[in-house]
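Everything on this sheet refers to the single structure shown next.
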Amino acid sequence: AMPRAMQSAARMSCSALRALPELLVALLLVGTIGFGPAAGVLALGIHAAGFIGRFYADAFDDADQRPIEALRATGAGRVTVFVLAVLPQVRASLASATLYILDRNVRMATVIGIVGAGGIGQELNGRIDLYDFGHVTTILLAIFIVVAVLDEFAAYLRKRQTY
């Protein structure tokens with residue numbers, strides 16, 4: 001188990017990362033490192049790290065302690081306890097949280113691209129500025145298809161329970 005001070009520090013770090021909206025972080029990064037996809041990737045990554053940290057911590061905290069204690073009583077090491085007692089309990093929650101953040105980041109990439117942080121949003125904004133609505137429609141359709149495919153993939157994994 002992790003010391004309480006480390007747990008508190010990790011949770012506070014995750015809260016701090018989640019506190020700043022991606023759009024604000026993207027604007028700050030565009031001002032710092034310039035226009036382009038690097039600012040967008042960093043903005044999404046910073047925010048996603050906060051959410052993933054929170055979701056994962058909650059999943060690990062909710063794990064039933066009885067199997068963990070039983071394996072420890074047999075003299076099993078930390079890795080063995082994690083692989084055999086913790087991971088099977090949290091696997092579905094971790095996969096669900098990860099897929100949620102991926103889905104959210106795909107949608108947010110459009111929004112932060114509009115402020116100059118690269119990606120499909122920047123292309124969309126440029127096409128709107130040019131009144132090129134044929135390309136705008138194609139871009140919006142592509143975004144919809146990617147989100148729909150991710151949703152179907154998540155449903156497939158849930159149905160198969162392979163994660």
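Labels used: A, B, ... for chains in the order of the structure tokens, numbers from 1 for residues in each chain, and numbers from 1 for ligands as shown.
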Picked from stretch 17-139 of chain A by DSSP as alpha helix (DSSP H), as a compact mmCIF listing (two decimals) with N, CA and C atoms, in the first residue's frame:
```txt
# COMPACT_ATOMS: atom_id res chain seq x y z
N LEU A 17 -4.65 18.89 -12.29
CA LEU A 17 -4.64 18.68 -13.73
C LEU A 17 -6.06 18.75 -14.32
N ARG A 18 -7.04 18.29 -13.54
CA ARG A 18 -8.43 18.32 -14.01
C ARG A 18 -9.05 19.71 -13.88
N ALA A 19 -8.52 20.54 -13.01
CA ALA A 19 -9.13 21.83 -12.71
C ALA A 19 -9.08 22.80 -13.89
N GLU A 22 -9.35 22.09 -20.89
CA GLU A 22 -8.46 21.86 -22.02
C GLU A 22 -8.31 23.11 -22.88
N LEU A 23 -9.41 23.82 -23.07
CA LEU A 23 -9.38 25.00 -23.93
C LEU A 23 -8.43 26.06 -23.37
N LEU A 24 -8.47 26.27 -22.07
CA LEU A 24 -7.57 27.23 -21.44
C LEU A 24 -6.11 26.78 -21.53
N VAL A 25 -5.88 25.50 -21.25
CA VAL A 25 -4.53 24.95 -21.35
C VAL A 25 -4.02 25.07 -22.79
N ALA A 26 -4.91 24.76 -23.76
CA ALA A 26 -4.52 24.87 -25.17
C ALA A 26 -4.14 26.30 -25.51
N LEU A 27 -4.93 27.26 -25.05
CA LEU A 27 -4.60 28.67 -25.33
C LEU A 27 -3.26 29.06 -24.71
N LEU A 28 -3.02 28.62 -23.48
CA LEU A 28 -1.74 28.91 -22.82
C LEU A 28 -0.57 28.27 -23.58
N LEU A 29 -0.77 27.03 -24.01
CA LEU A 29 0.30 26.34 -24.73
C LEU A 29 0.53 26.92 -26.12
N VAL A 30 -0.53 27.35 -26.79
CA VAL A 30 -0.37 27.99 -28.10
C VAL A 30 0.44 29.27 -27.92
N GLY A 31 0.16 30.01 -26.84
CA GLY A 31 0.92 31.22 -26.56
C GLY A 31 2.36 30.93 -26.19
N THR A 32 2.61 29.77 -25.59
CA THR A 32 3.95 29.42 -25.13
C THR A 32 4.79 28.74 -26.21
N ILE A 33 4.23 27.71 -26.83
CA ILE A 33 5.02 26.93 -27.79
C ILE A 33 4.60 27.16 -29.23
N PRO A 37 -0.09 21.07 -33.62
CA PRO A 37 -0.60 19.91 -32.90
C PRO A 37 0.08 19.63 -31.56
N ALA A 38 1.31 20.06 -31.37
CA ALA A 38 1.99 19.80 -30.10
C ALA A 38 1.23 20.44 -28.95
N ALA A 39 0.76 21.66 -29.14
CA ALA A 39 -0.02 22.34 -28.11
C ALA A 39 -1.31 21.58 -27.82
N GLY A 40 -1.95 21.08 -28.85
CA GLY A 40 -3.20 20.33 -28.67
C GLY A 40 -2.99 19.01 -27.96
N VAL A 41 -1.96 18.28 -28.36
CA VAL A 41 -1.67 16.99 -27.73
C VAL A 41 -1.34 17.19 -26.25
N LEU A 42 -0.52 18.19 -25.95
CA LEU A 42 -0.17 18.45 -24.56
C LEU A 42 -1.39 18.87 -23.74
N ALA A 43 -2.23 19.73 -24.31
CA ALA A 43 -3.43 20.18 -23.59
C ALA A 43 -4.34 19.01 -23.27
N LEU A 44 -4.58 18.17 -24.25
CA LEU A 44 -5.44 17.00 -24.02
C LEU A 44 -4.77 16.01 -23.06
N GLY A 45 -3.47 15.83 -23.20
CA GLY A 45 -2.74 14.89 -22.34
C GLY A 45 -2.74 15.32 -20.89
N ILE A 46 -2.54 16.61 -20.65
CA ILE A 46 -2.52 17.12 -19.28
C ILE A 46 -3.87 16.89 -18.62
N HIS A 47 -4.92 17.27 -19.31
CA HIS A 47 -6.26 17.12 -18.75
C HIS A 47 -6.63 15.64 -18.59
N ALA A 48 -6.30 14.84 -19.59
CA ALA A 48 -6.61 13.41 -19.53
C ALA A 48 -5.86 12.72 -18.39
N ALA A 49 -4.64 13.12 -18.13
CA ALA A 49 -3.86 12.52 -17.04
C ALA A 49 -4.57 12.72 -15.70
N GLY A 50 -5.15 13.88 -15.51
CA GLY A 50 -5.89 14.13 -14.27
C GLY A 50 -7.10 13.23 -14.13
N PHE A 51 -7.85 13.07 -15.22
CA PHE A 51 -9.04 12.21 -15.17
C PHE A 51 -8.67 10.74 -15.06
N ILE A 52 -7.70 10.31 -15.84
CA ILE A 52 -7.28 8.91 -15.77
C ILE A 52 -6.77 8.58 -14.37
N GLY A 53 -5.96 9.46 -13.80
CA GLY A 53 -5.47 9.26 -12.44
C GLY A 53 -6.60 9.12 -11.45
N ARG A 54 -7.60 9.96 -11.58
CA ARG A 54 -8.75 9.91 -10.67
C ARG A 54 -9.54 8.62 -10.85
N PHE A 55 -9.87 8.28 -12.10
CA PHE A 55 -10.65 7.08 -12.37
C PHE A 55 -9.91 5.82 -11.92
N TYR A 56 -8.62 5.76 -12.22
CA TYR A 56 -7.83 4.59 -11.83
C TYR A 56 -7.74 4.48 -10.31
N ALA A 57 -7.49 5.61 -9.64
CA ALA A 57 -7.38 5.59 -8.17
C ALA A 57 -8.69 5.12 -7.55
N ASP A 58 -9.80 5.60 -8.07
CA ASP A 58 -11.10 5.17 -7.55
C ASP A 58 -11.31 3.67 -7.76
N ALA A 59 -10.92 3.17 -8.93
CA ALA A 59 -11.07 1.74 -9.21
C ALA A 59 -10.23 0.91 -8.24
N PHE A 60 -8.99 1.33 -8.01
CA PHE A 60 -8.12 0.58 -7.10
C PHE A 60 -8.62 0.67 -5.66
N ASP A 61 -9.16 1.83 -5.27
CA ASP A 61 -9.69 1.97 -3.92
C ASP A 61 -10.92 1.10 -3.69
N GLN A 65 -10.73 -6.08 -0.70
CA GLN A 65 -9.46 -6.35 -0.02
C GLN A 65 -9.30 -7.82 0.37
N ARG A 66 -10.38 -8.58 0.45
CA ARG A 66 -10.28 -9.98 0.90
C ARG A 66 -9.36 -10.84 0.02
N PRO A 67 -9.50 -10.80 -1.32
CA PRO A 67 -8.56 -11.60 -2.12
C PRO A 67 -7.12 -11.13 -1.98
N ILE A 68 -6.94 -9.84 -1.81
CA ILE A 68 -5.59 -9.27 -1.64
C ILE A 68 -4.98 -9.79 -0.35
N GLU A 69 -5.74 -9.73 0.73
CA GLU A 69 -5.25 -10.20 2.03
C GLU A 69 -4.99 -11.71 2.00
N ALA A 70 -5.85 -12.46 1.30
CA ALA A 70 -5.66 -13.91 1.22
C ALA A 70 -4.35 -14.26 0.51
N LEU A 71 -4.07 -13.57 -0.59
CA LEU A 71 -2.82 -13.84 -1.30
C LEU A 71 -1.61 -13.40 -0.49
N ARG A 72 -1.73 -12.28 0.21
CA ARG A 72 -0.61 -11.83 1.05
C ARG A 72 -0.34 -12.85 2.15
N ALA A 73 -1.40 -13.46 2.68
CA ALA A 73 -1.25 -14.45 3.74
C ALA A 73 -0.48 -15.68 3.27
N ARG A 78 4.27 -8.53 -4.11
CA ARG A 78 3.43 -7.41 -4.55
C ARG A 78 2.94 -7.57 -5.98
N VAL A 79 3.83 -8.00 -6.87
CA VAL A 79 3.44 -8.16 -8.27
C VAL A 79 2.41 -9.26 -8.41
N THR A 80 2.63 -10.37 -7.74
CA THR A 80 1.68 -11.49 -7.80
C THR A 80 0.32 -11.06 -7.26
N VAL A 81 0.31 -10.35 -6.14
CA VAL A 81 -0.94 -9.87 -5.56
C VAL A 81 -1.65 -8.95 -6.55
N LEU A 87 -5.79 -6.71 -10.34
CA LEU A 87 -6.06 -6.47 -11.75
C LEU A 87 -7.36 -7.11 -12.24
N PRO A 88 -7.66 -8.35 -11.89
CA PRO A 88 -8.94 -8.91 -12.36
C PRO A 88 -10.16 -8.11 -11.88
N GLN A 89 -10.05 -7.49 -10.72
CA GLN A 89 -11.17 -6.71 -10.19
C GLN A 89 -11.34 -5.36 -10.88
N VAL A 90 -10.25 -4.76 -11.28
CA VAL A 90 -10.30 -3.39 -11.79
C VAL A 90 -10.18 -3.30 -13.31
N ARG A 91 -9.89 -4.40 -13.95
CA ARG A 91 -9.65 -4.40 -15.40
C ARG A 91 -10.77 -3.74 -16.20
N ALA A 92 -12.01 -4.09 -15.91
CA ALA A 92 -13.13 -3.52 -16.66
C ALA A 92 -13.26 -2.02 -16.40
N SER A 93 -13.07 -1.61 -15.17
CA SER A 93 -13.17 -0.18 -14.83
C SER A 93 -12.07 0.62 -15.51
N LEU A 94 -10.86 0.07 -15.53
CA LEU A 94 -9.74 0.77 -16.17
C LEU A 94 -9.98 0.90 -17.66
N ALA A 95 -10.44 -0.16 -18.29
CA ALA A 95 -10.71 -0.12 -19.73
C ALA A 95 -11.83 0.87 -20.05
N SER A 96 -12.87 0.84 -19.24
CA SER A 96 -13.99 1.75 -19.45
C SER A 96 -13.55 3.21 -19.32
N ALA A 97 -12.77 3.51 -18.29
CA ALA A 97 -12.28 4.87 -18.08
C ALA A 97 -11.37 5.30 -19.23
N THR A 98 -10.51 4.41 -19.67
CA THR A 98 -9.58 4.73 -20.75
C THR A 98 -10.33 5.01 -22.05
N LEU A 99 -11.32 4.18 -22.36
CA LEU A 99 -12.10 4.39 -23.58
C LEU A 99 -12.92 5.68 -23.49
N TYR A 100 -13.42 6.00 -22.31
CA TYR A 100 -14.16 7.24 -22.13
C TYR A 100 -13.26 8.45 -22.42
N ILE A 101 -12.05 8.43 -21.86
CA ILE A 101 -11.12 9.55 -22.06
C ILE A 101 -10.70 9.63 -23.53
N LEU A 102 -10.49 8.50 -24.18
CA LEU A 102 -10.16 8.50 -25.61
C LEU A 102 -11.29 9.13 -26.41
N ASP A 103 -12.52 8.72 -26.14
CA ASP A 103 -13.68 9.27 -26.82
C ASP A 103 -13.78 10.78 -26.59
N ARG A 104 -13.59 11.18 -25.36
CA ARG A 104 -13.67 12.60 -24.99
C ARG A 104 -12.56 13.40 -25.70
N ASN A 105 -11.37 12.84 -25.75
CA ASN A 105 -10.26 13.53 -26.39
C ASN A 105 -10.47 13.68 -27.90
N VAL A 106 -11.07 12.69 -28.52
CA VAL A 106 -11.36 12.79 -29.96
C VAL A 106 -12.31 13.96 -30.20
N ARG A 107 -13.34 14.09 -29.36
CA ARG A 107 -14.28 15.19 -29.52
C ARG A 107 -13.64 16.53 -29.16
N MET A 108 -12.85 16.56 -28.09
CA MET A 108 -12.22 17.81 -27.66
C MET A 108 -11.13 18.27 -28.63
N ALA A 109 -10.55 17.35 -29.37
CA ALA A 109 -9.51 17.73 -30.34
C ALA A 109 -10.08 18.70 -31.37
N THR A 110 -11.35 18.55 -31.67
CA THR A 110 -12.00 19.47 -32.60
C THR A 110 -12.08 20.87 -32.00
N VAL A 111 -12.48 20.95 -30.75
CA VAL A 111 -12.66 22.23 -30.09
C VAL A 111 -11.33 22.95 -29.91
N ILE A 112 -10.32 22.24 -29.41
CA ILE A 112 -9.05 22.92 -29.15
C ILE A 112 -8.31 23.24 -30.44
N GLY A 113 -8.60 22.52 -31.50
CA GLY A 113 -7.99 22.85 -32.80
C GLY A 113 -8.48 24.18 -33.32
N ILE A 114 -9.69 24.56 -32.95
CA ILE A 114 -10.26 25.82 -33.41
C ILE A 114 -9.47 27.01 -32.86
N ILE A 120 -7.70 18.34 -36.35
CA ILE A 120 -8.88 18.42 -37.20
C ILE A 120 -9.67 19.71 -36.95
N GLY A 121 -9.63 20.20 -35.71
CA GLY A 121 -10.34 21.44 -35.40
C GLY A 121 -9.77 22.64 -36.13
N GLN A 122 -8.47 22.68 -36.28
CA GLN A 122 -7.84 23.78 -37.00
C GLN A 122 -8.22 23.73 -38.49
N GLU A 123 -8.25 22.52 -39.02
CA GLU A 123 -8.67 22.34 -40.41
C GLU A 123 -10.13 22.74 -40.58
N LEU A 124 -10.96 22.33 -39.64
CA LEU A 124 -12.38 22.68 -39.67
C LEU A 124 -12.56 24.20 -39.63
N ASN A 125 -11.87 24.84 -38.73
CA ASN A 125 -11.96 26.29 -38.61
C ASN A 125 -11.51 26.99 -39.90
N GLY A 126 -10.43 26.51 -40.48
CA GLY A 126 -9.95 27.10 -41.74
C GLY A 126 -10.96 26.95 -42.86
N ARG A 127 -11.61 25.80 -42.94
CA ARG A 127 -12.61 25.56 -44.00
C ARG A 127 -13.87 26.40 -43.77
N ILE A 128 -14.22 26.60 -42.49
CA ILE A 128 -15.37 27.46 -42.20
C ILE A 128 -15.05 28.90 -42.61
N ASP A 129 -13.84 29.35 -42.30
CA ASP A 129 -13.42 30.71 -42.67
C ASP A 129 -13.44 30.91 -44.19
N PHE A 133 -18.11 24.74 -47.35
CA PHE A 133 -18.99 23.91 -46.56
C PHE A 133 -19.02 22.45 -47.00
N GLY A 134 -18.56 22.17 -48.20
CA GLY A 134 -18.42 20.76 -48.61
C GLY A 134 -17.37 20.07 -47.75
N HIS A 135 -16.22 20.72 -47.58
CA HIS A 135 -15.17 20.17 -46.72
C HIS A 135 -15.59 20.16 -45.25
N VAL A 136 -16.31 21.20 -44.83
CA VAL A 136 -16.80 21.26 -43.44
C VAL A 136 -17.68 20.05 -43.16
N THR A 137 -18.58 19.75 -44.08
CA THR A 137 -19.46 18.59 -43.92
C THR A 137 -18.66 17.30 -43.87
N THR A 138 -17.67 17.18 -44.72
CA THR A 138 -16.82 15.97 -44.73
C THR A 138 -16.08 15.82 -43.41
N ILE A 139 -15.52 16.91 -42.90
CA ILE A 139 -14.79 16.87 -41.63
C ILE A 139 -15.73 16.47 -40.49
```
